[in-house]
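Undergrad: After the structure tokens below, expect a handful of questions from me.
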Amino acid sequence: MEDIIISTLQRAMVAGTPLLLATTGEIICERSGILNLGVEGVMAIGAVIAFIVTMITGHPWLGVVAAMAAGMAISVIHAFASITLKANQVVSGLALTMLGLGLSGLIGKPYVGKPLLIKMEDLNLPWLSDIPWLGKILFSQGPFFYLAIALALASWFFLEKTRLGIQVRSTGENPKATETQGINVTMVRYLSVIIGGGFSALAGAHLSISYSKSWIEGMTAGRGWIAIALTIFALWNPGRAIWAAFLFGGIFVVQYLLQPLGISPNFLAMLPYIATLFILLLISFKDPKKLNAPAMLGEPYNRGER
Amino acid sequence: MKKWMVLILICSVFFIGFSQTCFATEKKLKAGFIYVGPVGDYGWSHAHDLGRKYAEKKLPWLETVYVESVAEADSARIIDRLIQQQKCDVVFTTSFGYMEDTIAAGTRYPDKIFMHCSGFKRSDNVGTYFGDLYQMYYLNGIMAGALTKTNKIGYVAAFPIPELIRHIDAYALGIKAANPKARLNVKWTYAWYGPDKAKEAAEALISEGCDALAFTEDTPSVVEVGQSHTEKGQQIYTFSHYSPMQPYGVDSVVSGQLMNWGGMYVQILKDIHNKTWTNKDVWWLAKEKAAILGGSKTEIINPKFIKPLKAAMIDTKEFGKISAYELVIKRYGQMKKGVDVFDPFTGPISDNQGNLKIKPGEKASKADLLGIMYYVDNVKGSIPE
């Protein structure tokens with residue numbers, strides 16, 4: 001029994017890693033007031049680029065860098081449409097998802113199904129990995145896991161404790177007041193969208209070169225959408241996103257343990273998506289003022305308008 | 001009319017006539033292949049594509065086209081395209097889920113021939129063919145049963161259809177022959193190609209104490225999970241599926257099942273070409289060299305595990321007390337001679353509800369095997385609906 005619990009928690013961390021990365025990115029983006037529904041597409045682009053570059057060069061970290069660059073580049077489309085052109089952010093984000101999914105399928109065609117022979121070794125942290133229970137669950141994981149935790153904590157520190165972070169948050173709350181402080185709202189929003197895209201692409205890279213070690217069209221399997229829901233669930237706080245993401249990672253893995261109980265495996269496979277609907281339902285009962293959502297989320301900023 | 005226009009007209013008429021006589025003298029047989037997965041995968045579709053390439057190389061009068069990653073709901077449209085646009089004379093549909101669409105296409109195009117892989121429905125111009133690996137799963141089961149330390153053995157399965165139940169049961173019967181105390185646990189992924197799902201299912205089996213895993217899924221994910229646990233000091237035995245996956249788990253892969261479709265495709269296409277084709281089911285096993293034992297192309301058993309397999313002694317009725325290694329070699333030899341010499345599904349066999357399914361001394365018929373939908377008595381749980 002002990003083995004099952006340790007193993008399940010350990011796998012939950014692995015399955016939650018891409019969710020955490022994408023959720024953190026989306027939080028930064030939404031905190032600046034831009035809703036980005038393109039996470040799923042950017043994730044797919046990140047996955048395919050990371051896979052192709054890793055396959056050709058044999059260096060996974062080169063793949064990761066290339067994926068992040070591609071994710072940032074494609075996010076500029078959404079930034080341009082929603083910030084400069086002041087277009088509807090929902091439509092622009094959806095377009096980014098469709099573009100990303102389609103484009104990744106196209107460029108990844110020759111690589112579909114090819115297995116990757118490289119390995120990303122798990123890092124056993126000295127001392128810490130010897131702690132009973134926790135050592136196995138938290139301190140003998142793959143590099144992406146530590147990276148995701150570090151980035152989430154750094155993002156929390158950045159948003160809550162630094163001057164630049166306050167600028168990002170105030171841009172999302174009241175861009176006009178922010179601009180009177182001499183801050184370039186357009187610039188802050190562009191950077192937030194692009195950084196958010198980089199995080200989503202990193203999540204995709206984890207899926208294709210570390211988790212599945214293969215590429216197939218549609219392999220992101222809705223994880224980008226779950227990340228958007230988790231952003232709300234985490235109340236736009238990267239610290240809360242950590243446990244929210246791993247909770248959902250747990251739902252992804254626990255389905256195989258529940259199979260012997262005689263529940264239909266098809267139903268179990270729906271669990272992460274049902275849970276997503278459930279938390280959105282739960283959140284909608286909450287007092288909207290306590291939700292802490294950025295006040296200007298989804299609203300384009302017209303400079304000089306009264 | 002300008003002179004040059006007349007010239008072009010004459011030229012084009014000449015070319016059309018010429019090209020038509022060319023085709024008339026060298027009529028090729030054109031075969032279309034529909035794959036459910038990507039040809040680059042490491043399993044089912046890849047193996048079929050190797051068979052297609054082999055047949056094309058062997059038969060000078062053959063021309064082939066293929067469409068990969070065809071969803072089962074899309075197959076009718078793809079069959080139409082292959083017949084109408086590509087002018088195929090024969091279409092091979094290589095997934096169980098294409099069955100109804102293949103039968104329907106048979107009535108739509110009565111002058112074409114269709115071959116459906118792994119199904120059980122036939123009509124005048126629709127035949128079925130299959131190369132089955134259940135004998136290899138039985139041999140893998142003997143090895144799993146001999147090697148396991150925990151007496152818990154696992155299987156990561158894709159879909160609950162007779163083909164997989166047959167493989168699970170054959171694996172379980174092999175386990176029983178070597179180790180009557182061991183039990184088989186099954187996890188379902190509902191994906192032929194789902195590396196992340198197969199990985200989590202394998203991890204779940206290992207966390208429940210299973211230390212020998214076989215699977216039906218088209219990536220080396222389960223093998224990789226076994227290898228990574230083995231590297232961390234927990235020996236997990238795995239059995240490669242369909243393609244040689246030993247390079248992905250050099251310390252974990254004991255053996256496996258390999259499939260060679262090439263010979264079967266050559267035979268079927270020759271029959272069609274010679275007009276001797278009938279719609280009778282083509283069913284190839286170890287005897288026809290379609291099913292091959294091994295996790296690599298060169299070794300039937302990973303040398304690393306030969307020693308422990310030779311040390312594990314098994315009591316058998318037929319050969320007395322012999323090692324697991326010898327039993328595997330002897331059974332494999334018998335299987336190559338044909339199912340009349342030895343078949344894993346020889347009674348008494350009961351399901352895990354206690355009902356006797358095959359009487360002592362009797363052998364399961366081909367129809368029994370094709371429709372098998374019960375777990376034998378050392379498999380835990382029940383088949384999902």
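Identifiers in this document derive from the order of the structure tokens: chains are assigned A, B, ..., residues are numbered from 1 separately in each chain, and ligands are numbered from 1 in order of occurrence.
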I need the residues of stretch 34-240 of chain B that end up classed as helix (DSSP H, G or I) by DSSP on the backbone, written out as a PyMOL selection string.

TA: chain B and resi 44-58+72-84+96-108+134-147+162-178+195-207+221-231

Undergrad: Restricting it to C-alpha atoms, dump the selection as a tab-separated table (two decimals), in the first residue's frame.

TA:
chain	number	residue	atom	x	y	z
B	44	TRP	CA	1.55	-2.33	-35.83
B	45	SER	CA	1.44	0.13	-38.74
B	46	HIS	CA	5.21	0.15	-39.08
B	47	ALA	CA	5.22	-3.65	-39.35
B	48	HIS	CA	2.50	-3.58	-42.03
B	49	ASP	CA	4.42	-0.98	-43.98
B	50	LEU	CA	7.57	-3.12	-43.88
B	51	GLY	CA	5.41	-5.93	-45.32
B	52	ARG	CA	4.10	-3.64	-48.05
B	53	LYS	CA	7.63	-2.57	-49.02
B	54	TYR	CA	8.80	-6.19	-49.03
B	55	ALA	CA	5.96	-7.22	-51.35
B	56	GLU	CA	6.62	-4.29	-53.68
B	57	LYS	CA	10.27	-5.28	-53.91
B	58	LYS	CA	9.46	-8.94	-54.51
B	72	GLU	CA	-11.62	4.32	-37.86
B	73	ALA	CA	-14.61	6.56	-38.57
B	74	ASP	CA	-12.88	7.95	-41.68
B	75	SER	CA	-12.11	4.65	-43.37
B	76	ALA	CA	-15.10	4.62	-45.78
B	77	ARG	CA	-14.01	7.94	-47.27
B	78	ILE	CA	-10.39	6.80	-47.59
B	79	ILE	CA	-11.42	3.52	-49.27
B	80	ASP	CA	-13.47	5.54	-51.79
B	81	ARG	CA	-10.48	7.73	-52.47
B	82	LEU	CA	-8.15	4.79	-53.02
B	83	ILE	CA	-10.58	3.14	-55.45
B	84	GLN	CA	-11.81	6.20	-57.34
B	96	PHE	CA	-10.17	-4.17	-36.66
B	97	GLY	CA	-12.30	-1.01	-36.56
B	98	TYR	CA	-12.41	-0.79	-40.37
B	99	MET	CA	-14.44	-4.01	-40.58
B	100	GLU	CA	-17.94	-2.64	-41.27
B	101	ASP	CA	-16.66	-0.04	-43.74
B	102	THR	CA	-14.66	-2.67	-45.60
B	103	ILE	CA	-17.70	-4.95	-45.94
B	104	ALA	CA	-19.78	-1.98	-47.14
B	105	ALA	CA	-17.09	-1.02	-49.66
B	106	GLY	CA	-17.16	-4.60	-50.93
B	107	THR	CA	-20.80	-4.23	-51.97
B	108	ARG	CA	-20.14	-0.76	-53.41
B	134	TYR	CA	-0.65	-15.54	-29.23
B	135	GLN	CA	1.89	-18.38	-29.34
B	136	MET	CA	4.70	-15.90	-28.70
B	137	TYR	CA	2.78	-14.44	-25.75
B	138	TYR	CA	2.56	-17.96	-24.33
B	139	LEU	CA	6.35	-18.34	-24.58
B	140	ASN	CA	6.80	-14.87	-23.02
B	141	GLY	CA	4.45	-15.99	-20.24
B	142	ILE	CA	6.64	-19.01	-19.46
B	143	MET	CA	9.62	-16.67	-19.06
B	144	ALA	CA	7.65	-14.12	-17.00
B	145	GLY	CA	6.37	-16.87	-14.70
B	146	ALA	CA	9.87	-18.31	-14.25
B	147	LEU	CA	11.52	-14.95	-13.55
B	162	PRO	CA	-10.86	-10.71	-28.81
B	163	GLU	CA	-7.34	-10.29	-30.25
B	164	LEU	CA	-6.05	-8.76	-27.03
B	165	ILE	CA	-8.00	-11.09	-24.76
B	166	ARG	CA	-6.41	-13.99	-26.70
B	167	HIS	CA	-2.96	-12.51	-26.10
B	168	ILE	CA	-3.64	-11.87	-22.42
B	169	ASP	CA	-4.97	-15.42	-21.97
B	170	ALA	CA	-2.06	-16.99	-23.85
B	171	TYR	CA	0.37	-14.99	-21.72
B	172	ALA	CA	-1.50	-16.12	-18.60
B	173	LEU	CA	-1.43	-19.77	-19.72
B	174	GLY	CA	2.33	-19.51	-20.23
B	175	ILE	CA	2.70	-18.02	-16.76
B	176	LYS	CA	0.60	-20.86	-15.34
B	177	ALA	CA	2.77	-23.49	-17.05
B	178	ALA	CA	5.87	-22.08	-15.36
B	195	PRO	CA	2.91	6.62	-24.93
B	196	ASP	CA	1.85	8.74	-21.93
B	197	LYS	CA	-1.06	6.42	-21.09
B	198	ALA	CA	1.01	3.25	-21.46
B	199	LYS	CA	3.67	4.78	-19.25
B	200	GLU	CA	1.25	5.61	-16.43
B	201	ALA	CA	-0.43	2.21	-16.71
B	202	ALA	CA	2.97	0.48	-16.45
B	203	GLU	CA	3.94	2.64	-13.46
B	204	ALA	CA	0.64	1.77	-11.78
B	205	LEU	CA	1.26	-1.96	-12.31
B	206	ILE	CA	4.77	-1.69	-10.87
B	207	SER	CA	3.50	0.25	-7.86
B	221	SER	CA	7.04	3.25	-23.40
B	222	VAL	CA	6.50	0.18	-21.22
B	223	VAL	CA	10.00	-1.05	-22.03
B	224	GLU	CA	11.43	2.35	-21.05
B	225	VAL	CA	9.57	2.32	-17.75
B	226	GLY	CA	11.00	-1.15	-17.07
B	227	GLN	CA	14.49	-0.03	-17.98
B	228	SER	CA	14.39	3.07	-15.75
B	229	HIS	CA	13.20	1.06	-12.73
B	230	THR	CA	15.86	-1.56	-13.43
B	231	GLU	CA	18.55	1.12	-13.52

Undergrad: Could you give me, as CSV, every chain A residue with an atom at most 7 Å from chain B, plus its closest atom pair and distance in Å to one decimal, counting only C-alpha atoms, rows ordered by chain then number?

TA:
residue,atom,partner,partner_atom,distance
A:Asp3,CA,B:Ser207,CA,5.8
A:Ile4,CA,B:Ser207,CA,4.8
A:Ser7,CA,B:Ser207,CA,5.9
A:Val112,CA,B:Gly40,CA,6.1
A:Gly113,CA,B:Asp41,CA,4.0
A:Lys114,CA,B:Gly40,CA,5.4
A:Tyr211,CA,B:Asp196,CA,6.7
A:Ser212,CA,B:Asp196,CA,5.1
A:Val253,CA,B:Glu200,CA,6.1
A:Tyr256,CA,B:Ala201,CA,5.6
A:Leu257,CA,B:Ala204,CA,6.1
A:Gln259,CA,B:Lys187,CA,6.9
A:Pro260,CA,B:Gly381,CA,6.2
A:Ser264,CA,B:Pro384,CA,6.2
A:Pro265,CA,B:Trp188,CA,6.8

Undergrad: Env of A:Ala234: 9 Å cut, atoms = only C-alpha atoms, seq-sep filter 3 positions within chain, self excluded. Answer as a compact mmCIF listing (two decimals) with C-alpha atoms, in the first residue's frame.

TA:
# COMPACT_ATOMS: atom_id res chain seq x y z
CA THR A 23 -0.51 27.67 -15.76
CA ILE A 27 -0.99 33.68 -14.90
CA ALA A 229 -8.98 26.62 -15.98
CA LEU A 230 -6.24 26.11 -13.38
CA THR A 231 -5.29 29.77 -13.74
CA ASN A 237 -1.38 33.20 -7.94
CA PRO A 238 1.61 31.06 -9.07
CA GLY A 239 2.05 29.79 -5.51
CA ARG A 240 -1.44 28.29 -5.49
CA ALA A 241 -0.86 27.04 -9.03
CA ILE A 242 1.75 24.61 -7.69
CA TRP A 243 -0.65 22.50 -5.69
CA ALA A 244 -3.51 22.96 -8.17
CA ALA A 245 -1.33 21.57 -11.00

Undergrad: Mind pulling up the distance from atom CA of A:Asn302 to atom CA of A:Val193?

TA: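 Going from atom CA of A:Val193 over to atom CA of A:Asn302, I get 17.8 Å.
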
Undergrad: As a list in words, please: the residues near stretch 71-76 of chain A (cut-off 6 Å, only C-alpha atoms, same-chain neighbours under 2 positions excluded).

TA: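 Here the answer would be Val42, Gly46, Met68, Ala69, His78, Ala79, Phe80, Ile194, Gly197, Gly198 and Ala201 of chain A.
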
Undergrad: Neighbouring residues of B:Thr216 were defined as those with any atom within 7 Å, considering only C-alpha atoms; residues of the same chain fewer than 5 positions away were excluded. Please report them as a PyMOL selection string.

TA: chain B and resi 156-158+241

Undergrad: Among stretch 107-339 of chain B, which residues does DSSP mark as strand (DSSP E or B) when it is run on the backbone? Keep the chain and numbering as in the structure and answer as a ChimeraX atom specification.

TA: /B:113-117,123,126-131,152-157,183-188,212-215,237-242,253-259,282-284,291-293,313-316,320-323

Undergrad: Taking only C-alpha atoms into account, name the residue in A:Val39, A:Leu282, A:Ile263, A:Ile149 that is nearest to A:Leu20.

TA: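 Once distances to A:Leu20 are computed over only C-alpha atoms, the minimum belongs to A:Ile149.
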
Undergrad: Would you please work out which residue, of B:Phe92, B:Phe130, B:Gly32, B:Cys210, is nearest to B:Tyr66 when using only C-alpha atoms?

TA: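 Among B:Phe92, B:Phe130, B:Gly32, B:Cys210, it is B:Gly32 that comes nearest to B:Tyr66.
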
Undergrad: Can you pull out every residue within 6 Å of B:Leu213, counting only C-alpha atoms, but drop anything in the same chain fewer than 6 positions away, and send it as a PyMOL selection string?

TA: chain B and resi 154-155+238

Undergrad: Could you check how far atom CA of A:Ser155 sits from atom CA of A:Ile52, in Å to one decimal?

TA: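 Taking atom CA of A:Ser155 as the start and atom CA of A:Ile52 as the end point, the length is 28.7 Å.
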
Undergrad: Considering only C-alpha atoms, return as a ChimeraX atom specification whatever protein or nucleic-acid residues lie within 10 Å of stretch 303-305 of chain B, sequence-local ones (same chain, fewer than 4 positions apart) excluded.

TA: /B:143,147,237,250-255,299,309-310,325

Undergrad: Next, write the just-selected residues to a file, as a PDB file, in the first residue's frame, keeping N, CA and C atoms as the atom set.

TA:
ATOM      1  N   MET B 143       8.447 -17.383 -19.585  1.00  0.00           N
ATOM      2  CA  MET B 143       9.620 -16.672 -19.064  1.00  0.00           C
ATOM      3  C   MET B 143       9.230 -15.751 -17.908  1.00  0.00           C
ATOM      4  N   LEU B 147      10.638 -16.000 -14.062  1.00  0.00           N
ATOM      5  CA  LEU B 147      11.523 -14.951 -13.546  1.00  0.00           C
ATOM      6  C   LEU B 147      10.919 -14.148 -12.392  1.00  0.00           C
ATOM      7  N   TYR B 237      11.093  -7.038 -15.497  1.00  0.00           N
ATOM      8  CA  TYR B 237      11.258  -7.785 -16.741  1.00  0.00           C
ATOM      9  C   TYR B 237      10.194  -7.316 -17.726  1.00  0.00           C
ATOM     10  N   VAL B 250      17.854  -2.514 -22.594  1.00  0.00           N
ATOM     11  CA  VAL B 250      18.849  -3.601 -22.678  1.00  0.00           C
ATOM     12  C   VAL B 250      18.908  -4.436 -21.404  1.00  0.00           C
ATOM     13  N   ASP B 251      18.572  -3.821 -20.244  1.00  0.00           N
ATOM     14  CA  ASP B 251      18.634  -4.573 -18.985  1.00  0.00           C
ATOM     15  C   ASP B 251      17.270  -5.077 -18.554  1.00  0.00           C
ATOM     16  N   SER B 252      16.242  -4.769 -19.327  1.00  0.00           N
ATOM     17  CA  SER B 252      14.887  -5.086 -18.899  1.00  0.00           C
ATOM     18  C   SER B 252      14.169  -6.038 -19.857  1.00  0.00           C
ATOM     19  N   VAL B 253      14.424  -5.908 -21.161  1.00  0.00           N
ATOM     20  CA  VAL B 253      13.708  -6.733 -22.133  1.00  0.00           C
ATOM     21  C   VAL B 253      14.254  -8.161 -22.104  1.00  0.00           C
ATOM     22  N   VAL B 254      13.372  -9.121 -21.791  1.00  0.00           N
ATOM     23  CA  VAL B 254      13.777 -10.519 -21.744  1.00  0.00           C
ATOM     24  C   VAL B 254      13.655 -11.121 -23.139  1.00  0.00           C
ATOM     25  N   SER B 255      12.501 -10.886 -23.749  1.00  0.00           N
ATOM     26  CA  SER B 255      12.233 -11.431 -25.071  1.00  0.00           C
ATOM     27  C   SER B 255      11.070 -10.614 -25.630  1.00  0.00           C
ATOM     28  N   GLU B 299      18.491 -12.102 -31.471  1.00  0.00           N
ATOM     29  CA  GLU B 299      18.433 -13.042 -30.350  1.00  0.00           C
ATOM     30  C   GLU B 299      16.988 -13.309 -29.974  1.00  0.00           C
ATOM     31  N   LEU B 309      17.048 -18.121 -16.506  1.00  0.00           N
ATOM     32  CA  LEU B 309      16.014 -18.981 -17.097  1.00  0.00           C
ATOM     33  C   LEU B 309      16.450 -20.444 -17.094  1.00  0.00           C
ATOM     34  N   LYS B 310      17.765 -20.665 -17.251  1.00  0.00           N
ATOM     35  CA  LYS B 310      18.259 -22.046 -17.204  1.00  0.00           C
ATOM     36  C   LYS B 310      18.218 -22.587 -15.789  1.00  0.00           C
ATOM     37  N   TYR B 325      14.225 -22.250 -19.720  1.00  0.00           N
ATOM     38  CA  TYR B 325      14.869 -21.964 -21.004  1.00  0.00           C
ATOM     39  C   TYR B 325      14.604 -23.087 -22.006  1.00  0.00           C
TER      40      TYR B 325
END

Undergrad: Which residue is closest to A:Ala50? Choose from A:Trp215, A:Phe267, A:Tyr146, A:Phe252 and count only C-alpha atoms.

TA: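 The answer is A:Trp215, which sits nearest to A:Ala50.
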
Undergrad: Work out how far apart atom CA of A:Lys289 and atom CA of A:Ile83 are and give it in Å to one decimal.

TA: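 Rounded to one decimal, the two atoms are 25.8 Å apart.
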
Undergrad: Between A:Pro132, A:Gly262, A:Gly304, A:Gly249, which residue has the minimum interatomic distance to A:Met13, considering only C-alpha atoms?

TA: A:Gly249

Undergrad: So which one's closest to B:Met115, B:Tyr129, B:Phe159, B:Tyr265, B:Phe215? Using only C-alpha atoms, please.

TA: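 Checking each candidate against B:Met115, we get B:Tyr129 as the closest.
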